[in-house]
file run_8.cif (mmCIF, N, CA and C atoms)
data_coords
#
loop_
_atom_site.label_atom_id
_atom_site.label_comp_id
_atom_site.auth_asym_id
_atom_site.auth_seq_id
_atom_site.Cartn_x
_atom_site.Cartn_y
_atom_site.Cartn_z
N MET J 457 -8.46 -50.55 -6.45
CA MET J 457 -7.64 -49.74 -5.59
C MET J 457 -7.04 -48.56 -6.35
N LYS J 458 -6.50 -48.86 -7.56
CA LYS J 458 -5.89 -47.80 -8.35
C LYS J 458 -6.95 -46.82 -8.83
N LYS J 459 -8.12 -47.32 -9.17
CA LYS J 459 -9.19 -46.44 -9.63
C LYS J 459 -9.63 -45.50 -8.52
N ASN J 460 -9.75 -46.02 -7.31
CA ASN J 460 -10.14 -45.18 -6.17
C ASN J 460 -9.11 -44.08 -5.92
N LEU J 461 -7.83 -44.44 -6.01
CA LEU J 461 -6.77 -43.46 -5.82
C LEU J 461 -6.82 -42.38 -6.89
N ILE J 462 -7.07 -42.77 -8.12
CA ILE J 462 -7.17 -41.81 -9.22
C ILE J 462 -8.38 -40.89 -9.01
N TYR J 463 -9.51 -41.45 -8.60
CA TYR J 463 -10.70 -40.64 -8.34
C TYR J 463 -10.45 -39.63 -7.21
N ILE J 464 -9.77 -40.06 -6.18
CA ILE J 464 -9.47 -39.16 -5.05
C ILE J 464 -8.54 -38.04 -5.50
N LEU J 465 -7.51 -38.37 -6.27
CA LEU J 465 -6.58 -37.35 -6.77
C LEU J 465 -7.29 -36.36 -7.69
N LEU J 466 -8.11 -36.85 -8.58
CA LEU J 466 -8.85 -35.96 -9.49
C LEU J 466 -9.81 -35.05 -8.71
N THR J 467 -10.46 -35.60 -7.71
CA THR J 467 -11.37 -34.80 -6.89
C THR J 467 -10.61 -33.68 -6.18
N LEU J 468 -9.45 -34.00 -5.62
CA LEU J 468 -8.65 -32.98 -4.94
C LEU J 468 -8.16 -31.90 -5.90
N ILE J 469 -7.73 -32.30 -7.08
CA ILE J 469 -7.24 -31.33 -8.06
C ILE J 469 -8.35 -30.41 -8.53
N VAL J 470 -9.50 -30.98 -8.87
CA VAL J 470 -10.62 -30.18 -9.38
C VAL J 470 -11.20 -29.28 -8.29
N SER J 471 -11.25 -29.77 -7.07
CA SER J 471 -11.84 -28.95 -6.00
C SER J 471 -10.92 -27.79 -5.60
N SER J 472 -9.63 -27.90 -5.84
CA SER J 472 -8.72 -26.81 -5.48
C SER J 472 -8.73 -25.71 -6.54
N CYS J 473 -9.18 -25.99 -7.73
CA CYS J 473 -9.26 -24.97 -8.78
C CYS J 473 -10.51 -24.13 -8.56
N THR J 474 -10.43 -22.87 -8.90
CA THR J 474 -11.60 -22.01 -8.77
C THR J 474 -11.85 -21.29 -10.07
N LEU J 475 -13.10 -21.13 -10.40
CA LEU J 475 -13.47 -20.40 -11.61
C LEU J 475 -13.81 -18.95 -11.29
N ASN J 476 -13.99 -18.65 -10.01
CA ASN J 476 -14.31 -17.29 -9.62
C ASN J 476 -13.05 -16.43 -9.60
N LYS J 477 -13.25 -15.17 -9.87
CA LYS J 477 -12.15 -14.22 -9.86
C LYS J 477 -11.71 -13.97 -8.42
N VAL J 478 -10.41 -14.07 -8.15
CA VAL J 478 -9.90 -13.84 -6.81
C VAL J 478 -9.58 -12.35 -6.69
N ASP J 479 -10.26 -11.69 -5.76
CA ASP J 479 -10.16 -10.25 -5.57
C ASP J 479 -9.59 -9.94 -4.20
N ARG J 480 -8.67 -9.00 -4.15
CA ARG J 480 -8.19 -8.49 -2.87
C ARG J 480 -8.54 -7.02 -2.81
N VAL J 481 -9.18 -6.63 -1.73
CA VAL J 481 -9.59 -5.24 -1.56
C VAL J 481 -8.87 -4.67 -0.35
N HIS J 482 -8.21 -3.54 -0.57
CA HIS J 482 -7.56 -2.83 0.52
C HIS J 482 -8.25 -1.48 0.65
N GLY J 483 -8.58 -1.10 1.85
CA GLY J 483 -9.23 0.18 2.07
C GLY J 483 -10.74 0.04 2.09
N VAL J 484 -11.43 1.10 1.68
CA VAL J 484 -12.89 1.17 1.72
C VAL J 484 -13.46 0.63 0.42
N SER J 485 -14.37 -0.31 0.53
CA SER J 485 -14.99 -0.90 -0.65
C SER J 485 -15.99 0.08 -1.27
N ASN J 486 -16.03 0.17 -2.60
CA ASN J 486 -16.92 1.07 -3.35
C ASN J 486 -16.76 2.53 -2.91
N LEU J 487 -15.54 2.99 -2.88
CA LEU J 487 -15.22 4.32 -2.37
C LEU J 487 -15.85 5.43 -3.21
N LYS J 488 -15.84 5.28 -4.52
CA LYS J 488 -16.40 6.34 -5.38
C LYS J 488 -17.89 6.53 -5.13
N ASN J 489 -18.61 5.43 -5.04
CA ASN J 489 -20.06 5.52 -4.82
C ASN J 489 -20.38 6.10 -3.45
N LYS J 490 -19.64 5.67 -2.43
CA LYS J 490 -19.90 6.17 -1.08
C LYS J 490 -19.51 7.64 -0.96
N SER J 491 -18.49 8.07 -1.69
CA SER J 491 -18.06 9.47 -1.57
C SER J 491 -19.04 10.42 -2.24
N GLN J 492 -19.87 9.94 -3.14
CA GLN J 492 -20.85 10.80 -3.79
C GLN J 492 -21.96 11.23 -2.83
N VAL J 493 -22.10 10.52 -1.73
CA VAL J 493 -23.11 10.87 -0.72
C VAL J 493 -22.67 12.11 0.07
N ILE J 494 -21.36 12.32 0.16
CA ILE J 494 -20.81 13.44 0.94
C ILE J 494 -21.09 14.74 0.21
N LYS J 495 -21.68 15.69 0.94
CA LYS J 495 -22.01 16.99 0.36
C LYS J 495 -21.11 18.06 0.98
N ILE J 496 -20.51 18.86 0.13
CA ILE J 496 -19.62 19.92 0.59
C ILE J 496 -20.45 20.98 1.32
N LYS J 497 -19.91 21.47 2.41
CA LYS J 497 -20.50 22.47 3.30
C LYS J 497 -21.74 21.97 4.04
N GLU J 498 -21.99 20.66 4.02
CA GLU J 498 -23.12 20.10 4.76
C GLU J 498 -22.70 18.92 5.64
N THR J 499 -21.86 18.04 5.11
CA THR J 499 -21.50 16.81 5.80
C THR J 499 -20.36 17.08 6.78
N ASN J 500 -20.50 16.59 8.02
CA ASN J 500 -19.44 16.80 9.01
C ASN J 500 -18.63 15.52 9.20
N LYS J 501 -17.64 15.59 10.09
CA LYS J 501 -16.73 14.46 10.31
C LYS J 501 -17.46 13.22 10.80
N ASN J 502 -18.45 13.39 11.66
CA ASN J 502 -19.19 12.24 12.19
C ASN J 502 -19.96 11.52 11.09
N ASP J 503 -20.59 12.31 10.19
CA ASP J 503 -21.32 11.69 9.08
C ASP J 503 -20.38 10.94 8.16
N ILE J 504 -19.22 11.52 7.89
CA ILE J 504 -18.25 10.86 7.01
C ILE J 504 -17.74 9.58 7.65
N ALA J 505 -17.53 9.61 8.96
CA ALA J 505 -17.08 8.40 9.65
C ALA J 505 -18.15 7.31 9.58
N LYS J 506 -19.42 7.68 9.59
CA LYS J 506 -20.49 6.68 9.45
C LYS J 506 -20.54 6.12 8.03
N ILE J 507 -20.31 6.98 7.04
CA ILE J 507 -20.40 6.55 5.64
C ILE J 507 -19.19 5.72 5.23
N LEU J 508 -17.98 6.23 5.53
CA LEU J 508 -16.75 5.60 5.04
C LEU J 508 -15.99 4.83 6.11
N GLY J 509 -16.36 5.00 7.36
CA GLY J 509 -15.63 4.34 8.43
C GLY J 509 -14.50 5.23 8.92
N PRO J 510 -13.71 4.74 9.86
CA PRO J 510 -12.61 5.56 10.38
C PRO J 510 -11.56 5.81 9.29
N ALA J 511 -11.03 7.02 9.30
CA ALA J 511 -10.04 7.40 8.29
C ALA J 511 -8.71 6.73 8.56
N PRO J 512 -8.13 6.08 7.56
CA PRO J 512 -6.82 5.45 7.77
C PRO J 512 -5.69 6.46 7.90
N ILE J 513 -5.83 7.62 7.25
CA ILE J 513 -4.80 8.65 7.31
C ILE J 513 -5.46 9.96 7.71
N ILE J 514 -5.02 10.52 8.84
CA ILE J 514 -5.57 11.79 9.31
C ILE J 514 -4.43 12.78 9.44
N ASP J 515 -4.58 13.94 8.80
CA ASP J 515 -3.59 15.01 8.88
C ASP J 515 -4.24 16.18 9.60
N ASP J 516 -3.87 16.38 10.87
CA ASP J 516 -4.48 17.43 11.68
C ASP J 516 -4.02 18.83 11.27
N LYS J 517 -2.80 18.94 10.75
CA LYS J 517 -2.30 20.26 10.36
C LYS J 517 -3.10 20.83 9.20
N GLU J 518 -3.35 20.01 8.19
CA GLU J 518 -4.11 20.46 7.02
C GLU J 518 -5.61 20.21 7.18
N LYS J 519 -6.02 19.60 8.29
CA LYS J 519 -7.41 19.23 8.53
C LYS J 519 -7.94 18.40 7.36
N LYS J 520 -7.28 17.27 7.16
CA LYS J 520 -7.56 16.43 6.00
C LYS J 520 -7.66 14.97 6.41
N TRP J 521 -8.65 14.29 5.87
CA TRP J 521 -8.77 12.84 6.02
C TRP J 521 -8.55 12.22 4.65
N THR J 522 -7.90 11.07 4.64
CA THR J 522 -7.60 10.40 3.38
C THR J 522 -8.14 8.98 3.42
N TYR J 523 -8.83 8.61 2.36
CA TYR J 523 -9.35 7.25 2.20
C TYR J 523 -8.84 6.69 0.88
N PHE J 524 -8.76 5.37 0.79
CA PHE J 524 -8.32 4.74 -0.45
C PHE J 524 -9.01 3.40 -0.65
N GLU J 525 -9.01 2.99 -1.91
CA GLU J 525 -9.51 1.66 -2.27
C GLU J 525 -8.60 1.11 -3.35
N VAL J 526 -8.02 -0.04 -3.10
CA VAL J 526 -7.17 -0.70 -4.07
C VAL J 526 -7.73 -2.10 -4.27
N ARG J 527 -8.07 -2.40 -5.51
CA ARG J 527 -8.55 -3.75 -5.85
C ARG J 527 -7.54 -4.38 -6.79
N GLU J 528 -7.11 -5.57 -6.41
CA GLU J 528 -6.15 -6.27 -7.26
C GLU J 528 -6.58 -7.71 -7.44
N THR J 529 -6.17 -8.25 -8.54
CA THR J 529 -6.44 -9.65 -8.84
C THR J 529 -5.19 -10.25 -9.45
N ARG J 530 -5.20 -11.50 -9.64
CA ARG J 530 -4.05 -12.18 -10.27
C ARG J 530 -4.45 -12.66 -11.66
N THR J 531 -3.52 -12.52 -12.59
CA THR J 531 -3.76 -12.99 -13.95
C THR J 531 -3.59 -14.52 -13.98
N LYS J 532 -3.75 -15.10 -15.15
CA LYS J 532 -3.61 -16.54 -15.29
C LYS J 532 -2.22 -17.02 -14.88
N TYR J 533 -1.23 -16.15 -15.06
CA TYR J 533 0.15 -16.55 -14.81
C TYR J 533 0.64 -16.10 -13.44
N GLY J 534 -0.26 -15.60 -12.58
CA GLY J 534 0.09 -15.24 -11.22
C GLY J 534 0.55 -13.81 -11.03
N LYS J 535 0.55 -13.00 -12.08
CA LYS J 535 0.99 -11.60 -11.97
C LYS J 535 -0.14 -10.76 -11.38
N LYS J 536 0.23 -9.82 -10.46
CA LYS J 536 -0.77 -8.95 -9.85
C LYS J 536 -1.25 -7.92 -10.87
N ASN J 537 -2.55 -7.67 -10.84
CA ASN J 537 -3.15 -6.68 -11.72
C ASN J 537 -4.03 -5.77 -10.87
N ILE J 538 -3.65 -4.49 -10.75
CA ILE J 538 -4.46 -3.52 -10.01
C ILE J 538 -5.42 -2.89 -11.00
N TYR J 539 -6.72 -3.07 -10.78
CA TYR J 539 -7.69 -2.51 -11.72
C TYR J 539 -8.53 -1.41 -11.11
N VAL J 540 -8.50 -1.23 -9.80
CA VAL J 540 -9.14 -0.08 -9.16
C VAL J 540 -8.15 0.49 -8.16
N ASN J 541 -7.88 1.78 -8.28
CA ASN J 541 -6.99 2.45 -7.35
C ASN J 541 -7.56 3.85 -7.12
N ASP J 542 -8.48 3.97 -6.19
CA ASP J 542 -9.14 5.24 -5.89
C ASP J 542 -8.56 5.81 -4.62
N TYR J 543 -8.43 7.13 -4.61
CA TYR J 543 -7.82 7.84 -3.50
C TYR J 543 -8.60 9.13 -3.30
N ILE J 544 -9.08 9.37 -2.08
CA ILE J 544 -9.91 10.55 -1.82
C ILE J 544 -9.33 11.31 -0.63
N GLU J 545 -9.20 12.63 -0.81
CA GLU J 545 -8.79 13.51 0.27
C GLU J 545 -9.95 14.43 0.60
N ILE J 546 -10.35 14.45 1.87
CA ILE J 546 -11.46 15.30 2.31
C ILE J 546 -10.88 16.37 3.23
N TYR J 547 -11.06 17.63 2.86
CA TYR J 547 -10.57 18.75 3.67
C TYR J 547 -11.73 19.32 4.49
N PHE J 548 -11.42 19.71 5.73
CA PHE J 548 -12.44 20.21 6.64
C PHE J 548 -12.14 21.66 7.02
N ASP J 549 -13.21 22.39 7.38
CA ASP J 549 -13.03 23.75 7.89
C ASP J 549 -12.80 23.68 9.40
N ASP J 550 -12.81 24.82 10.05
CA ASP J 550 -12.52 24.86 11.50
C ASP J 550 -13.60 24.18 12.33
N TYR J 551 -14.80 24.03 11.78
CA TYR J 551 -15.92 23.42 12.52
C TYR J 551 -16.10 21.93 12.21
N GLY J 552 -15.23 21.36 11.38
CA GLY J 552 -15.31 19.94 11.07
C GLY J 552 -16.29 19.61 9.98
N ILE J 553 -16.60 20.58 9.13
CA ILE J 553 -17.52 20.35 8.00
C ILE J 553 -16.69 20.27 6.72
N ALA J 554 -17.05 19.33 5.86
CA ALA J 554 -16.30 19.12 4.62
C ALA J 554 -16.35 20.36 3.74
N LYS J 555 -15.16 20.86 3.35
CA LYS J 555 -15.14 22.04 2.49
C LYS J 555 -14.60 21.73 1.10
N LYS J 556 -13.87 20.61 0.94
CA LYS J 556 -13.32 20.27 -0.37
C LYS J 556 -13.05 18.78 -0.42
N ILE J 557 -13.31 18.17 -1.56
CA ILE J 557 -13.03 16.75 -1.76
C ILE J 557 -12.23 16.59 -3.04
N ASP J 558 -11.05 16.00 -2.93
CA ASP J 558 -10.23 15.69 -4.10
C ASP J 558 -10.31 14.19 -4.34
N VAL J 559 -10.68 13.82 -5.57
CA VAL J 559 -10.82 12.41 -5.93
C VAL J 559 -9.77 12.09 -7.00
N TYR J 560 -9.00 11.06 -6.75
CA TYR J 560 -8.01 10.58 -7.71
C TYR J 560 -8.34 9.13 -8.03
N ASP J 561 -8.34 8.80 -9.31
CA ASP J 561 -8.52 7.41 -9.70
C ASP J 561 -7.29 6.95 -10.46
N LEU J 562 -7.33 5.75 -10.99
CA LEU J 562 -6.17 5.16 -11.64
C LEU J 562 -5.70 6.00 -12.82
N ASN J 563 -6.62 6.55 -13.60
CA ASN J 563 -6.24 7.35 -14.77
C ASN J 563 -5.64 8.69 -14.36
N LYS J 564 -6.18 9.34 -13.34
CA LYS J 564 -5.63 10.62 -12.89
C LYS J 564 -4.25 10.45 -12.28
N MET J 565 -4.03 9.31 -11.61
CA MET J 565 -2.73 9.09 -10.99
C MET J 565 -1.63 8.90 -12.02
N LYS J 566 -1.99 8.39 -13.20
CA LYS J 566 -0.99 8.24 -14.26
C LYS J 566 -0.53 9.59 -14.79
N ASN J 567 -1.38 10.62 -14.65
CA ASN J 567 -1.05 11.94 -15.17
C ASN J 567 -0.32 12.82 -14.16
N ILE J 568 -0.11 12.35 -12.94
CA ILE J 568 0.58 13.15 -11.93
C ILE J 568 2.06 13.22 -12.31
N LYS J 569 2.59 14.44 -12.34
CA LYS J 569 4.00 14.64 -12.66
C LYS J 569 4.78 14.74 -11.36
N PHE J 570 5.84 13.98 -11.27
CA PHE J 570 6.69 13.98 -10.10
C PHE J 570 7.96 14.77 -10.40
N ALA J 571 8.52 15.38 -9.37
CA ALA J 571 9.74 16.16 -9.53
C ALA J 571 10.90 15.22 -9.87
N LYS J 572 11.79 15.69 -10.73
CA LYS J 572 12.93 14.86 -11.12
C LYS J 572 14.15 15.16 -10.28
N GLU J 573 14.04 16.11 -9.36
CA GLU J 573 15.17 16.44 -8.50
C GLU J 573 15.38 15.33 -7.48
N LYS J 574 16.62 15.13 -7.12
CA LYS J 574 16.95 14.11 -6.14
C LYS J 574 17.18 14.77 -4.79
N THR J 575 16.76 14.09 -3.74
CA THR J 575 16.95 14.59 -2.39
C THR J 575 18.39 14.37 -1.96
N LYS J 576 18.99 15.41 -1.41
CA LYS J 576 20.37 15.29 -0.94
C LYS J 576 20.36 14.65 0.44
N SER J 577 21.29 13.76 0.64
CA SER J 577 21.40 13.07 1.92
C SER J 577 22.04 13.99 2.95
N LEU J 578 21.49 13.98 4.15
CA LEU J 578 22.08 14.75 5.24
C LEU J 578 23.08 13.93 6.03
N GLY J 579 23.22 12.67 5.65
CA GLY J 579 24.15 11.80 6.35
C GLY J 579 25.58 12.07 5.93
N VAL J 580 26.49 11.27 6.44
CA VAL J 580 27.90 11.41 6.13
C VAL J 580 28.15 10.95 4.71
N LYS J 581 28.90 11.74 3.96
CA LYS J 581 29.21 11.38 2.58
C LYS J 581 30.20 10.23 2.56
N ASP J 582 30.16 9.45 1.50
CA ASP J 582 31.11 8.35 1.34
C ASP J 582 32.43 8.93 0.84
N THR J 583 33.33 9.12 1.75
CA THR J 583 34.65 9.65 1.39
C THR J 583 35.65 8.51 1.41
N PHE J 584 36.83 8.80 0.90
CA PHE J 584 37.88 7.79 0.87
C PHE J 584 38.23 7.32 2.28
N SER J 585 38.38 8.28 3.20
CA SER J 585 38.76 7.91 4.57
C SER J 585 37.68 7.07 5.25
N LYS J 586 36.40 7.38 5.00
CA LYS J 586 35.32 6.60 5.61
C LYS J 586 35.34 5.18 5.07
N ASN J 587 35.50 5.02 3.75
CA ASN J 587 35.54 3.69 3.16
C ASN J 587 36.74 2.90 3.67
N LEU J 588 37.90 3.55 3.83
CA LEU J 588 39.09 2.88 4.32
C LEU J 588 38.90 2.40 5.75
N LEU J 589 38.34 3.26 6.60
CA LEU J 589 38.10 2.87 7.99
C LEU J 589 37.07 1.76 8.10
N ASN J 590 36.02 1.82 7.27
CA ASN J 590 34.99 0.76 7.31
C ASN J 590 35.58 -0.58 6.90
N SER J 591 36.38 -0.60 5.85
CA SER J 591 36.95 -1.87 5.40
C SER J 591 37.91 -2.44 6.43
N SER J 592 38.72 -1.57 7.07
CA SER J 592 39.63 -2.09 8.10
C SER J 592 38.85 -2.59 9.31
N ARG J 593 37.74 -1.93 9.66
CA ARG J 593 36.91 -2.39 10.77
C ARG J 593 36.32 -3.76 10.47
N LYS J 594 35.84 -3.95 9.24
CA LYS J 594 35.27 -5.25 8.86
C LYS J 594 36.32 -6.35 8.90
N ARG J 595 37.54 -6.03 8.47
CA ARG J 595 38.62 -7.04 8.51
C ARG J 595 38.93 -7.44 9.94
N MET J 596 38.96 -6.44 10.85
CA MET J 596 39.23 -6.75 12.26
C MET J 596 38.13 -7.61 12.85
N GLU J 597 36.86 -7.31 12.50
CA GLU J 597 35.75 -8.13 13.02
C GLU J 597 35.82 -9.55 12.50
N ASN J 598 36.15 -9.70 11.22
CA ASN J 598 36.26 -11.06 10.65
C ASN J 598 37.41 -11.83 11.31
N ALA J 599 38.53 -11.15 11.56
CA ALA J 599 39.65 -11.82 12.21
C ALA J 599 39.27 -12.25 13.62
N ARG J 600 38.53 -11.41 14.33
CA ARG J 600 38.08 -11.73 15.69
C ARG J 600 37.15 -12.95 15.67
N LYS J 601 36.25 -13.01 14.68
CA LYS J 601 35.34 -14.16 14.57
C LYS J 601 36.11 -15.46 14.32
N LYS J 602 37.16 -15.37 13.47
CA LYS J 602 37.94 -16.56 13.17
C LYS J 602 38.66 -17.06 14.42
N LEU J 603 39.19 -16.11 15.22
CA LEU J 603 39.87 -16.51 16.45
C LEU J 603 38.93 -17.18 17.42
N LYS J 604 37.69 -16.67 17.52
CA LYS J 604 36.71 -17.27 18.44
C LYS J 604 36.33 -18.68 18.00
N THR J 605 36.20 -18.91 16.71
CA THR J 605 35.80 -20.24 16.23
C THR J 605 36.95 -21.24 16.37
N ASN J 606 38.19 -20.76 16.29
CA ASN J 606 39.34 -21.67 16.43
C ASN J 606 39.56 -22.07 17.88
N ASN J 607 39.18 -21.22 18.83
CA ASN J 607 39.41 -21.52 20.25
C ASN J 607 38.38 -22.41 20.80
#

call {"tool": "encode", "arguments": {"input": "run_8.cif", "output": "structure tokens"}}
result
Amino acid sequence: MKKNLIYILLTLIVSSCTLNKVDRVHGVSNLKNKSQVIKIKETNKNDIAKILGPAPIIDDKEKKWTYFEVRETRTKYGKKNIYVNDYIEIYFDDYGIAKKIDVYDLNKMKNIKFAKEKTKSLGVKDTFSKNLLNSSRKRMENARKKLKTNN
């Protein structure tokens, strides 16, 4: 009886382990290879939709479609590791024909410089009077809750 139980437990433990790499893919699979088929000034929106599928991000003002591929896996200790992060922007002319393709990969994204300026809030500033009124409002609400629970 004990041997059977041990065999069943060992079978369950071994069968739940996997030796294959666990991959999660977001976006279009093999984006770099598929994007090489697109020819500037020849390929139109319909052809691109057949090659890459429907665009997840469409910007009509700039006449731009955006595609991405993110591949991540987990390390031995459960930490996420992104090893493919491709991002492609396809710009179109007035007739819907590809005129420019920008390709960004993981290495190019590390070199992108971001502005260090901070965005100013258009909301109400935290002033002394606002903080005072908020704290008194919270005290009144808490007192009201206590009265309701006592009744």

call {"tool": "atom_distance", "arguments": {"input": "run_8.cif", "atom1": "atom N of Val559 in chain J", "atom2": "atom C of Ile544 in chain J"}}
result
5.7 Å

call {"tool": "closest_residue", "arguments": {"input": "run_8.cif", "among": "J:Thr575, J:Leu466, J:Trp521, J:Ile514", "to": "Phe548 in chain J", "atoms": "all atoms listed in the file"}}
result
J:Trp521

call {"tool": "residues_around", "arguments": {"input": "run_8.cif", "residues": "Tyr560 in chain J", "least_positions_apart": "6", "cutoff": "7 Å", "atoms": "only N, CA and C atoms", "output": "list in words"}}
result
Asn541, Asp542, Tyr543, Ile544 and Glu545 of chain J

call {"tool": "atom_distance", "arguments": {"input": "run_8.cif", "atom1": "CA of Leu508 in chain J", "atom2": "CA of Ile494 in chain J"}}
result
9.7 Å

call {"tool": "atom_distance", "arguments": {"input": "run_8.cif", "atom1": "CA of Val526 in chain J", "atom2": "atom N of Lys555 in chain J"}}
result
24.2 Å

call {"tool": "residues_near_point", "arguments": {"input": "run_8.cif", "point": "(-21.4, 19.2, 10.3)", "cutoff": "7 Å", "atoms": "all atoms listed in the file", "output": "list in words"}}
result
Lys497, Glu498, Thr499, Asn500, Lys501, Asn502, Asp503, Tyr551, Gly552, Ile553 and Ala554 of chain J

call {"tool": "axis_aligned_box", "arguments": {"input": "run_8.cif", "around": "range 542-551 of chain J", "padding_each_side": "4 Å", "output": "lines of an AutoDock Vina configuration file"}}
result
center_x = -12.0
center_y = 14.4
center_z = 3.2
size_x = 16.3
size_y = 28.9
size_z = 26.7

call {"tool": "closest_residue", "arguments": {"input": "run_8.cif", "among": "J:Ile546, J:Asn537, J:Lys459, J:Arg530", "to": "Ala505 in chain J", "atoms": "only C-alpha atoms"}}
result
J:Ile546

call {"tool": "select_by_dssp", "arguments": {"input": "run_8.cif", "residues": "range 506-607 of chain J", "states": "alpha helix (DSSP H)", "output": "PyMOL selection string"}}
result
chain J and resi 506-508+562-566+584-606

call {"tool": "residues_around", "arguments": {"input": "run_8.cif", "residues": "Glu528 in chain J", "least_positions_apart": "4", "cutoff": "7 Å", "atoms": "all atoms listed in the file", "output": "list in words"}}
result
Val478, Asp479, Arg480, Val481, His482, Lys536, Asn537, Ile538, Tyr539 and Val540 of chain J

call {"tool": "closest_residue", "arguments": {"input": "run_8.cif", "among": "J:Lys532, J:Lys556, J:Lys604, J:Arg527", "to": "Ile496 in chain J", "atoms": "only N, CA and C atoms"}}
result
J:Lys556

call {"tool": "closest_residue", "arguments": {"input": "run_8.cif", "among": "J:Phe570, J:Phe584, J:Tyr533, J:Tyr547", "to": "Ile504 in chain J", "atoms": "only C-alpha atoms"}}
result
J:Tyr547

call {"tool": "select_by_dssp", "arguments": {"input": "run_8.cif", "residues": "range 518-584 of chain J", "states": "strand (DSSP E or B)", "output": "CSV table (one decimal) with N, CA and C atoms, in the coordinates of the input"}}
result
chain,number,residue,atom,x,y,z
J,520,LYS,N,-7.3,17.3,7.2
J,520,LYS,CA,-7.6,16.4,6.0
J,520,LYS,C,-7.7,15.0,6.4
J,521,TRP,N,-8.6,14.3,5.9
J,521,TRP,CA,-8.8,12.8,6.0
J,521,TRP,C,-8.6,12.2,4.6
J,522,THR,N,-7.9,11.1,4.6
J,522,THR,CA,-7.6,10.4,3.4
J,522,THR,C,-8.1,9.0,3.4
J,523,TYR,N,-8.8,8.6,2.4
J,523,TYR,CA,-9.4,7.2,2.2
J,523,TYR,C,-8.8,6.7,0.9
J,524,PHE,N,-8.8,5.4,0.8
J,524,PHE,CA,-8.3,4.7,-0.4
J,524,PHE,C,-9.0,3.4,-0.6
J,525,GLU,N,-9.0,3.0,-1.9
J,525,GLU,CA,-9.5,1.7,-2.3
J,525,GLU,C,-8.6,1.1,-3.4
J,526,VAL,N,-8.0,0.0,-3.1
J,526,VAL,CA,-7.2,-0.7,-4.1
J,526,VAL,C,-7.7,-2.1,-4.3
J,527,ARG,N,-8.1,-2.4,-5.5
J,527,ARG,CA,-8.6,-3.8,-5.8
J,527,ARG,C,-7.5,-4.4,-6.8
J,528,GLU,N,-7.1,-5.6,-6.4
J,528,GLU,CA,-6.2,-6.3,-7.3
J,528,GLU,C,-6.6,-7.7,-7.4
J,529,THR,N,-6.2,-8.2,-8.5
J,529,THR,CA,-6.4,-9.6,-8.8
J,529,THR,C,-5.2,-10.2,-9.4
J,530,ARG,N,-5.2,-11.5,-9.6
J,530,ARG,CA,-4.0,-12.2,-10.3
J,530,ARG,C,-4.4,-12.7,-11.7
J,536,LYS,N,0.2,-9.8,-10.5
J,536,LYS,CA,-0.8,-9.0,-9.8
J,536,LYS,C,-1.2,-7.9,-10.9
J,537,ASN,N,-2.6,-7.7,-10.8
J,537,ASN,CA,-3.2,-6.7,-11.7
J,537,ASN,C,-4.0,-5.8,-10.9
J,538,ILE,N,-3.6,-4.5,-10.8
J,538,ILE,CA,-4.5,-3.5,-10.0
J,538,ILE,C,-5.4,-2.9,-11.0
J,539,TYR,N,-6.7,-3.1,-10.8
J,539,TYR,CA,-7.7,-2.5,-11.7
J,539,TYR,C,-8.5,-1.4,-11.1
J,540,VAL,N,-8.5,-1.2,-9.8
J,540,VAL,CA,-9.1,-0.1,-9.2
J,540,VAL,C,-8.2,0.5,-8.2
J,541,ASN,N,-7.9,1.8,-8.3
J,541,ASN,CA,-7.0,2.4,-7.4
J,541,ASN,C,-7.6,3.8,-7.1
J,542,ASP,N,-8.5,4.0,-6.2
J,542,ASP,CA,-9.1,5.2,-5.9
J,542,ASP,C,-8.6,5.8,-4.6
J,543,TYR,N,-8.4,7.1,-4.6
J,543,TYR,CA,-7.8,7.8,-3.5
J,543,TYR,C,-8.6,9.1,-3.3
J,544,ILE,N,-9.1,9.4,-2.1
J,544,ILE,CA,-9.9,10.6,-1.8
J,544,ILE,C,-9.3,11.3,-0.6
J,545,GLU,N,-9.2,12.6,-0.8
J,545,GLU,CA,-8.8,13.5,0.3
J,545,GLU,C,-10.0,14.4,0.6
J,546,ILE,N,-10.4,14.4,1.9
J,546,ILE,CA,-11.5,15.3,2.3
J,546,ILE,C,-10.9,16.4,3.2
J,547,TYR,N,-11.1,17.6,2.9
J,547,TYR,CA,-10.6,18.8,3.7
J,547,TYR,C,-11.7,19.3,4.5
J,548,PHE,N,-11.4,19.7,5.7
J,548,PHE,CA,-12.4,20.2,6.6
J,548,PHE,C,-12.1,21.7,7.0
J,553,ILE,N,-16.6,20.6,9.1
J,553,ILE,CA,-17.5,20.4,8.0
J,553,ILE,C,-16.7,20.3,6.7
J,554,ALA,N,-17.0,19.3,5.9
J,554,ALA,CA,-16.3,19.1,4.6
J,554,ALA,C,-16.4,20.4,3.7
J,555,LYS,N,-15.2,20.9,3.4
J,555,LYS,CA,-15.1,22.0,2.5
J,555,LYS,C,-14.6,21.7,1.1
J,556,LYS,N,-13.9,20.6,0.9
J,556,LYS,CA,-13.3,20.3,-0.4
J,556,LYS,C,-13.0,18.8,-0.4
J,557,ILE,N,-13.3,18.2,-1.6
J,557,ILE,CA,-13.0,16.8,-1.8
J,557,ILE,C,-12.2,16.6,-3.0
J,558,ASP,N,-11.0,16.0,-2.9
J,558,ASP,CA,-10.2,15.7,-4.1
J,558,ASP,C,-10.3,14.2,-4.3
J,559,VAL,N,-10.7,13.8,-5.6
J,559,VAL,CA,-10.8,12.4,-5.9
J,559,VAL,C,-9.8,12.1,-7.0
J,560,TYR,N,-9.0,11.1,-6.8
J,560,TYR,CA,-8.0,10.6,-7.7
J,560,TYR,C,-8.3,9.1,-8.0
